[in-house]
Amino acid sequence: MPARALDLWLYAAPFLIVVGVFVFYPLAANVWFSFYSFSAFSQEMKLVGLENYRRLGTDPVMLTAFINVGLYAAISVLVQVGFGLVLAAVLSQAFLGRWGGVLRTLFFVPVVMSITVIAFVFTFFYDPMTGLLNMMLEEVGMRSWTRAWLGQSSTAIYAVIAVSQWQSVGYVMMLFIVAIQGIPRDLYEAADLDGAGPVAQFFHITVPQVRDMLVVATVVTVTGSLTVFSEPYILTGGGPGHSSTTLATHMYRSAFFRDEMGYAAAIASVIFVATMAVSLLQLRIFGKAR
Amino acid sequence: MQTLIRHPARLPVILLLALHAVIVIYPLFWMITNSFKPTEEIYAASWSLPTVWMVENYAKAWRGGISAYFLNSVIVTGGTILLTLAISVLAAFGMVRAETAGAGRAAGLVLMACIGGMLVAPQVALVPLYKMMQVLRLQDTHWALILTYTAYRVPITILLVRAVFLAVPRDLDDCAHIDGCSSLQTLWHVYLPMSRSILLTASVLTAYHAWNEFLFAIIFIDSDRLKTIPSGLMNFRDALMTDWGVLVAGLVISAAPIIVLFIVAQRYFLSGFAAGAVKG
Amino acid sequence: MKKLIRSVSALALAALVAAPAFADTELKVFHRWPNAPFKTYIDSVIADFEAANPGVKVVTDQVLNDAYKDKIRVVLGSSNQPDVFFSWSGEWAHNISRNGRSMDLTPVLESNPAWRDSIIPAQIEPFTRDGKVYGLPWQMDGKAIFYNKPVFESLGLSEPTSFGELMALCAKLKEAGHTPLLFGAKSAWAVSHYIGTFNERILPPEVLAKDYDRKTGEFTHPGYVTALEKFAELATCMNPAPNGIDHEAERNAFIAGRGAMSYLQYAEMGFLKKAEFPYGFFIFPQIEGGEGNPTSLQGAPQGWMISADTPNKDVAVKFLQHLLSPEMGARLTSETGIISPIKGAITPASATPAQLVAFEQIMNAGDPYLWLDTALDAQVADAYMKGVQLLLEGQKTPAEVMADVQAAAKRVRESL
């Protein structure tokens, strides 16, 4: 029935146009742009071949950015996926009753808040002169621990990462809650009869049963870390120095502060390859599992 | 308390939950109390309750620009939802009908485009999109945001809608055909009524992304009067460097609607996140 | 293919994009003052202008400082250019005119000699490239160390005349339990003002002239390292963790009396009205052994440009004439504390005694030394400012910072 196939193209046309114009074409154009040198406000584009990519290899800021997104990914997986799973398992305990639902809602609230709002609030907390964090440390007699959390290159990236954890742990928790709801109850009932404690049940039933979601959550968290922009941009601007720079903030600053659009396009290509690799890894893992 | 004595193992669980609850609640609590203070008091005593509750901070924040950002966010989010749903429903409908009519290969190609689209991070397209906005004269219009947000939300939405459409019984489809419905009427009278819940879920997910998007919002919009909340707040802060109470009141106003929406439409968020998790 | 995609999508979108509604003439102005009192002043000047020119509607947009530096690049490259926009002077301005984005104002000035002659010529100079004027000054400025007079008097201190005296003074302040010098380095430009000053004092002017030029900049003179070493020495007098503090917070702390000194711009005097103590100020002292200009004043004019492609050229020029008139200049100084470069605007009626002193200092300083961040190519400035932030916490040595700067300068030279 070729008529139906023609129908399909008509129905899918708006989708194909929008995605073609705003997703796939830019992806290709980005590679093209990365071979040029040009600034945001000039018409001239100078062909420089692979120069931008050669520079990526020697740019120390790229190295910092990679280390930072690596840290971002590692800590996020640990806190969001690890702690998120624990929270989800705990909240699914029957004895909590209505409290389970209330807390679940509460823990998800940071996820729906705008990152700008959250970042501003945490800027107040981190302030070296009047901030709550230093004040609390002084109260409990840990004066030597007080510092300019966002203004010191040794702590800036961790302070930024902490804000992301506060916002996102609820998101991953929610993914796991949904997954846990899909686990057949009789598995737990059988374990109860066998006398297995809650910890044993967590490791022997919950974790294996949500394995797919573990992979998904890890991939979501890692790709999120590779492309993270708003948190460092708003909280530190990538500083002090380049100490809290990420791939996306380095790209943004190259494009719109240092007048190097071509170089920014090259950084974008790196981000694409990195996120693609992680996503393909996910598909592979799922492919093997089935 | 009595149950605790009977089940001592629950104590660590309760402690853990209580601790996390404090960590989540405190910043929210801080925001609300400080939004009622004058600047000096935030500076000097940001942890205590306001001595005088300055309700006018909210009026000032609203007049000082938040109302416009708010309206812009509503327009952009609303536009994105409508466009995303319209495009996704059409495409999903076309795919489902093509598959059942033996044109599965063509539908498979569209499916590939969906999956491919989901794999591209918006950040990667930034430089070319910026150039494109100039050429298409979309820079500094709400369309720049609506179209790009739509483009990056449509692939996942199609997958969600398609899954539900596939479950629509073929009999109904044929009946409609016999009754003389055109295919669009079939979509309208048969498919859509049966997928209300997934459409709501998709709307909520789209709203969540469009309401909070930051990178495109700061680049594609120049005029203060067109800015959405996430990017407008940056300007709002710079303008109010000396008026913190008003700034924090602005933060509360910006955060409140989406939190309320979430609490009201929680069910759809939940099923959406379950279904949407296949992304990645 | 690219063209095809563009035209197809343009067609598809044409239906979607509503045409903007225009008043008779809409003048778009983009500047960097979203905050009071500056925005209030500009808005009132615009209201006057609109009243005097029926049919003209002025639409403004504004973002602060560092954000402006990003946004103006986006906007000037866009299909959505402002007609009139704020500009720093020096390389920052040249970058824009070189790319053909700002209108050559020379013919306009020639046909309006009275207007031209009402502006202090030395202040026009930094907007001039290859003999053509691409921008006009709106504010004169300079950087001085402001100090808390009662604190100085209580310890019997007087204004230092050399770097050595400044350091000795800091030691005494510290001993008495004061924070000698407040510094907020979170915004990178604040760092650049210090470095610019130290470079001026230590390096011979001809070396600076060569290195600040993007075509010939090398930054290999040993004086650059010395300048950073001296700066690091001064940093021992500062509050801890300057990188965590905004410049605004530094100024507020000074106003609140929580530090004895702060390196501020004359343009910030308007804010200092809130201080409950008398303050004094002095130009950064000479540095022993420096080969540079011992008394130069760091500070460049800031002003306005007209977009090269504006369809509203006449209205835009008229607007600048209004903005840069002696009357508006006097109001600028009295209402915002910014010192106007229009002749006759600075009088005892419009300016405070302190502003009159500042005005004299600027007039006597000879050629203004540009703010480092706007004098250098953006890449070099970025390397400098980011490097010095790390120097402040001991993460980098002066030599390492300069190695980064040299590499950036080399890249800029080679890209030309």
# chains A, B, ... in the order shown; residues from 1 in each chain; ligands from 1
$ interface_residues --of "chain B" --to "chain A" --cutoff "6 Å" --atoms "only C-alpha atoms" --output "PyMOL selection string"
chain B and resi 87+90-91+94+98+103+124-125+128+151+212+230+251+255+274+280
$ write_last_selection --atoms "N, CA and C atoms" --output "PDB file, in the first residue's frame"
ATOM      1  N   ILE B  87       3.456  18.346  16.376  1.00  0.00           N
ATOM      2  CA  ILE B  87       4.394  17.668  15.477  1.00  0.00           C
ATOM      3  C   ILE B  87       4.528  16.186  15.847  1.00  0.00           C
ATOM      4  N   LEU B  90       1.341  14.007  14.965  1.00  0.00           N
ATOM      5  CA  LEU B  90       1.254  13.741  13.526  1.00  0.00           C
ATOM      6  C   LEU B  90       2.255  12.668  13.121  1.00  0.00           C
ATOM      7  N   ALA B  91       3.494  12.852  13.554  1.00  0.00           N
ATOM      8  CA  ALA B  91       4.537  11.917  13.133  1.00  0.00           C
ATOM      9  C   ALA B  91       4.262  10.523  13.687  1.00  0.00           C
ATOM     10  N   GLY B  94       1.444   8.908  11.764  1.00  0.00           N
ATOM     11  CA  GLY B  94       1.927   8.454  10.462  1.00  0.00           C
ATOM     12  C   GLY B  94       2.725   7.166  10.581  1.00  0.00           C
ATOM     13  N   ALA B  98       1.681   3.562   9.038  1.00  0.00           N
ATOM     14  CA  ALA B  98       2.570   2.998   8.024  1.00  0.00           C
ATOM     15  C   ALA B  98       3.004   1.592   8.436  1.00  0.00           C
ATOM     16  N   ALA B 103       4.276  -0.598   5.514  1.00  0.00           N
ATOM     17  CA  ALA B 103       5.354   0.309   5.112  1.00  0.00           C
ATOM     18  C   ALA B 103       6.318   0.479   6.280  1.00  0.00           C
ATOM     19  N   VAL B 124      26.064  21.016  21.488  1.00  0.00           N
ATOM     20  CA  VAL B 124      26.898  20.754  20.314  1.00  0.00           C
ATOM     21  C   VAL B 124      26.493  21.645  19.142  1.00  0.00           C
ATOM     22  N   ALA B 125      25.219  22.003  19.086  1.00  0.00           N
ATOM     23  CA  ALA B 125      24.718  22.743  17.938  1.00  0.00           C
ATOM     24  C   ALA B 125      24.784  24.253  18.136  1.00  0.00           C
ATOM     25  N   PRO B 128      26.526  26.779  15.212  1.00  0.00           N
ATOM     26  CA  PRO B 128      25.736  26.885  13.978  1.00  0.00           C
ATOM     27  C   PRO B 128      24.331  27.441  14.217  1.00  0.00           C
ATOM     28  N   ALA B 151      12.514  21.285  18.691  1.00  0.00           N
ATOM     29  CA  ALA B 151      13.325  20.344  17.923  1.00  0.00           C
ATOM     30  C   ALA B 151      14.001  19.322  18.829  1.00  0.00           C
ATOM     31  N   ASN B 212      12.977  25.741  32.290  1.00  0.00           N
ATOM     32  CA  ASN B 212      14.274  25.878  32.957  1.00  0.00           C
ATOM     33  C   ASN B 212      15.465  26.027  32.022  1.00  0.00           C
ATOM     34  N   PRO B 230      14.910  32.029  33.563  1.00  0.00           N
ATOM     35  CA  PRO B 230      16.287  31.672  33.898  1.00  0.00           C
ATOM     36  C   PRO B 230      17.310  32.717  33.451  1.00  0.00           C
ATOM     37  N   LEU B 251      13.295  35.423  43.218  1.00  0.00           N
ATOM     38  CA  LEU B 251      13.615  33.999  43.090  1.00  0.00           C
ATOM     39  C   LEU B 251      12.420  33.142  43.492  1.00  0.00           C
ATOM     40  N   ALA B 255      10.322  30.432  41.168  1.00  0.00           N
ATOM     41  CA  ALA B 255      10.326  28.995  41.440  1.00  0.00           C
ATOM     42  C   ALA B 255       8.931  28.466  41.725  1.00  0.00           C
ATOM     43  N   ALA B 274       9.191   7.745  34.143  1.00  0.00           N
ATOM     44  CA  ALA B 274       9.365   6.313  33.927  1.00  0.00           C
ATOM     45  C   ALA B 274       9.546   6.045  32.444  1.00  0.00           C
ATOM     46  N   GLY B 280      18.535   9.196  27.257  1.00  0.00           N
ATOM     47  CA  GLY B 280      19.916   8.943  27.619  1.00  0.00           C
ATOM     48  C   GLY B 280      20.835   9.042  26.442  1.00  0.00           C
TER      49      GLY B 280
END
$ interface_residues --of "chain C" --to "chain B" --cutoff "7 Å" --atoms "only C-alpha atoms" --output "list of chain:residue names"
C:Ala10, C:Pro34, C:Asn35, C:Asp61, C:Val63, C:Leu64, C:Val75, C:Ser78, C:Ser79, C:Asn80
$ closest_atom_pairs --of "chain C" --to "chain A" --cutoff "10 Å" --atoms "only C-alpha atoms" --output "CSV"
residue,atom,partner,partner_atom,distance
C:Lys2,CA,A:Tyr25,CA,8.5
C:Ile5,CA,A:Val21,CA,7.3
C:Arg6,CA,A:Val21,CA,8.4
C:Val8,CA,A:Ile17,CA,9.3
C:Ser9,CA,A:Val21,CA,7.2
C:Ala12,CA,A:Ile17,CA,9.2
C:Asp66,CA,A:Phe257,CA,9.5
C:Ala67,CA,A:Phe257,CA,9.6
C:Lys69,CA,A:Phe257,CA,6.9
C:Asp70,CA,A:Phe256,CA,5.3
C:Lys71,CA,A:Phe256,CA,7.6
C:Ile72,CA,A:Phe256,CA,9.0
C:Arg73,CA,A:Phe41,CA,6.0
C:Val74,CA,A:Ala40,CA,6.2
C:Val75,CA,A:Phe41,CA,7.9
C:Leu76,CA,A:Phe41,CA,5.5
C:Gly77,CA,A:Phe41,CA,3.6
C:Ser78,CA,A:Phe41,CA,7.3
C:Asn95,CA,A:Phe41,CA,9.9
C:Ile96,CA,A:Phe41,CA,8.3
C:Arg98,CA,A:Ser42,CA,9.3
C:Asn99,CA,A:Ser42,CA,5.7
C:Gly100,CA,A:Ser42,CA,7.9
C:Arg101,CA,A:Phe41,CA,7.9
C:Gly184,CA,A:Gly151,CA,9.9
C:Ala185,CA,A:Pro240,CA,8.7
C:Lys186,CA,A:Gly151,CA,7.0
C:Ser187,CA,A:Gly237,CA,8.9
C:Ala188,CA,A:Pro240,CA,8.8
C:Pro240,CA,A:Ala148,CA,8.5
C:Ala241,CA,A:Ala148,CA,5.9
C:Pro242,CA,A:Gly151,CA,7.3
C:Asn243,CA,A:Gly151,CA,4.4
C:Gly244,CA,A:Gly151,CA,3.5
C:Ile245,CA,A:Gly151,CA,7.2
C:Asp246,CA,A:Gly151,CA,9.8
C:Ala249,CA,A:Met129,CA,9.4
C:Ala253,CA,A:Met129,CA,9.7
C:Asp377,CA,A:Arg258,CA,8.4
C:Ala378,CA,A:Arg258,CA,5.3
C:Gln379,CA,A:Arg258,CA,5.2
C:Val380,CA,A:Arg258,CA,8.9
C:Ala381,CA,A:Arg258,CA,9.1
C:Asp382,CA,A:Arg258,CA,7.6
C:Ala383,CA,A:Gly241,CA,8.6
C:Tyr384,CA,A:Gly241,CA,9.4
C:Met385,CA,A:Gly241,CA,7.5
C:Lys386,CA,A:Gly241,CA,3.9
C:Gly387,CA,A:Gly241,CA,5.7
C:Val388,CA,A:Gly241,CA,7.4
C:Gln389,CA,A:Gly241,CA,5.4
C:Leu390,CA,A:Gly241,CA,5.4
C:Leu391,CA,A:Gly241,CA,8.9
C:Leu392,CA,A:Gln152,CA,9.5
C:Glu393,CA,A:Gln152,CA,7.2
C:Gln395,CA,A:Ser153,CA,8.1
C:Lys396,CA,A:Gly241,CA,9.8
C:Asp404,CA,A:Pro60,CA,9.9
C:Ser415,CA,A:Ser37,CA,8.5
$ select_by_dssp --residues "stretch 44-262 of chain C" --states "strand (DSSP E)" --output "PyMOL selection string"
chain C and resi 56-62+84-88+128-129+132-133+136-139+143-148+181-182+261-262
$ write_last_selection --atoms "C-alpha atoms" --output "short mmCIF file (atom, residue, chain, number, x, y, z; two decimals), in the first residue's frame"
data_model
loop_
_atom_site.label_atom_id
_atom_site.label_comp_id
_atom_site.auth_asym_id
_atom_site.auth_seq_id
_atom_site.Cartn_x
_atom_site.Cartn_y
_atom_site.Cartn_z
CA VAL C 56 10.90 59.01 18.03
CA LYS C 57 10.75 56.14 20.43
CA VAL C 58 13.90 54.99 22.20
CA VAL C 59 14.05 51.38 23.31
CA THR C 60 16.83 50.45 25.68
CA ASP C 61 18.42 47.23 26.76
CA GLN C 62 21.02 46.85 29.39
CA VAL C 84 23.45 53.19 19.50
CA PHE C 85 25.55 51.18 21.92
CA PHE C 86 27.95 51.63 24.79
CA SER C 87 31.65 51.16 24.14
CA TRP C 88 34.85 51.07 26.10
CA THR C 128 40.20 56.94 17.15
CA ARG C 129 41.73 54.38 14.78
CA LYS C 132 38.96 58.18 12.13
CA VAL C 133 36.68 58.63 15.11
CA LEU C 136 32.50 59.47 21.50
CA PRO C 137 33.32 59.70 25.19
CA TRP C 138 30.58 59.96 27.78
CA GLN C 139 32.54 59.50 30.96
CA LYS C 143 41.50 54.79 39.26
CA ALA C 144 42.66 55.91 42.68
CA ILE C 145 43.19 54.36 46.06
CA PHE C 146 40.37 55.58 48.27
CA TYR C 147 41.03 55.57 51.99
CA ASN C 148 39.15 55.94 55.23
CA LEU C 181 43.42 46.97 51.45
CA LEU C 182 40.12 45.48 50.31
CA MET C 261 41.61 51.26 51.54
CA SER C 262 40.04 50.21 48.26
#
$ residues_around --residues "C:Ile287" --least-positions-apart "5" --cutoff "10 Å" --atoms "only C-alpha atoms" --output "PyMOL selection string"
chain C and resi 161-166+198+200-202+227+230+292-295
$ write_last_selection --atoms "N, CA, C and O atoms" --output "CSV table (one decimal), in the first residue's frame"
chain,number,residue,atom,x,y,z
C,161,THR,N,53.8,58.2,49.1
C,161,THR,CA,54.3,58.7,47.8
C,161,THR,C,55.1,57.7,47.1
C,161,THR,O,55.6,58.0,46.0
C,162,SER,N,55.3,56.5,47.7
C,162,SER,CA,56.0,55.5,46.9
C,162,SER,C,55.5,54.1,47.4
C,162,SER,O,54.8,54.0,48.4
C,163,PHE,N,55.8,53.1,46.6
C,163,PHE,CA,55.3,51.8,46.9
C,163,PHE,C,55.8,51.3,48.2
C,163,PHE,O,55.1,50.7,49.0
C,164,GLY,N,57.1,51.6,48.5
C,164,GLY,CA,57.6,51.3,49.8
C,164,GLY,C,56.9,51.9,51.0
C,164,GLY,O,56.5,51.2,52.0
C,165,GLU,N,56.5,53.1,50.8
C,165,GLU,CA,55.7,53.8,51.9
C,165,GLU,C,54.3,53.1,52.0
C,165,GLU,O,53.8,53.0,53.1
C,166,LEU,N,53.8,52.7,50.8
C,166,LEU,CA,52.5,52.1,50.9
C,166,LEU,C,52.5,50.8,51.7
C,166,LEU,O,51.7,50.5,52.5
C,198,PHE,N,50.4,48.4,37.6
C,198,PHE,CA,51.8,48.0,37.9
C,198,PHE,C,52.6,48.0,36.6
C,198,PHE,O,53.8,48.4,36.6
C,200,GLU,N,52.2,50.0,34.1
C,200,GLU,CA,52.6,51.4,33.7
C,200,GLU,C,53.7,51.9,34.6
C,200,GLU,O,54.5,52.7,34.1
C,201,ARG,N,53.7,51.5,35.8
C,201,ARG,CA,54.8,52.1,36.7
C,201,ARG,C,56.1,51.4,36.4
C,201,ARG,O,57.2,52.1,36.6
C,202,ILE,N,56.1,50.2,36.0
C,202,ILE,CA,57.4,49.5,36.0
C,202,ILE,C,58.0,49.4,34.6
C,202,ILE,O,59.2,49.4,34.4
C,227,ALA,N,56.5,43.3,37.7
C,227,ALA,CA,55.2,43.9,38.0
C,227,ALA,C,54.3,42.9,38.8
C,227,ALA,O,53.7,43.3,39.8
C,230,LYS,N,55.6,42.5,42.3
C,230,LYS,CA,55.2,43.6,43.2
C,230,LYS,C,53.8,43.5,43.6
C,230,LYS,O,53.4,43.8,44.7
C,292,GLY,N,58.8,52.9,34.3
C,292,GLY,CA,57.6,53.5,33.6
C,292,GLY,C,57.3,54.9,34.0
C,292,GLY,O,58.1,55.6,34.7
C,293,ASN,N,56.1,55.3,33.7
C,293,ASN,CA,55.6,56.6,34.1
C,293,ASN,C,55.2,56.6,35.6
C,293,ASN,O,54.4,55.8,36.0
C,294,PRO,N,55.9,57.4,36.4
C,294,PRO,CA,55.7,57.3,37.8
C,294,PRO,C,54.3,57.9,38.3
C,294,PRO,O,53.9,57.6,39.4
C,295,THR,N,53.7,58.7,37.5
C,295,THR,CA,52.5,59.4,38.0
C,295,THR,C,51.3,59.1,37.1
C,295,THR,O,50.2,59.7,37.3
$ atom_distance --atom1 "atom CA of C:Thr40" --atom2 "atom CA of C:Glu250"
23.5 Å
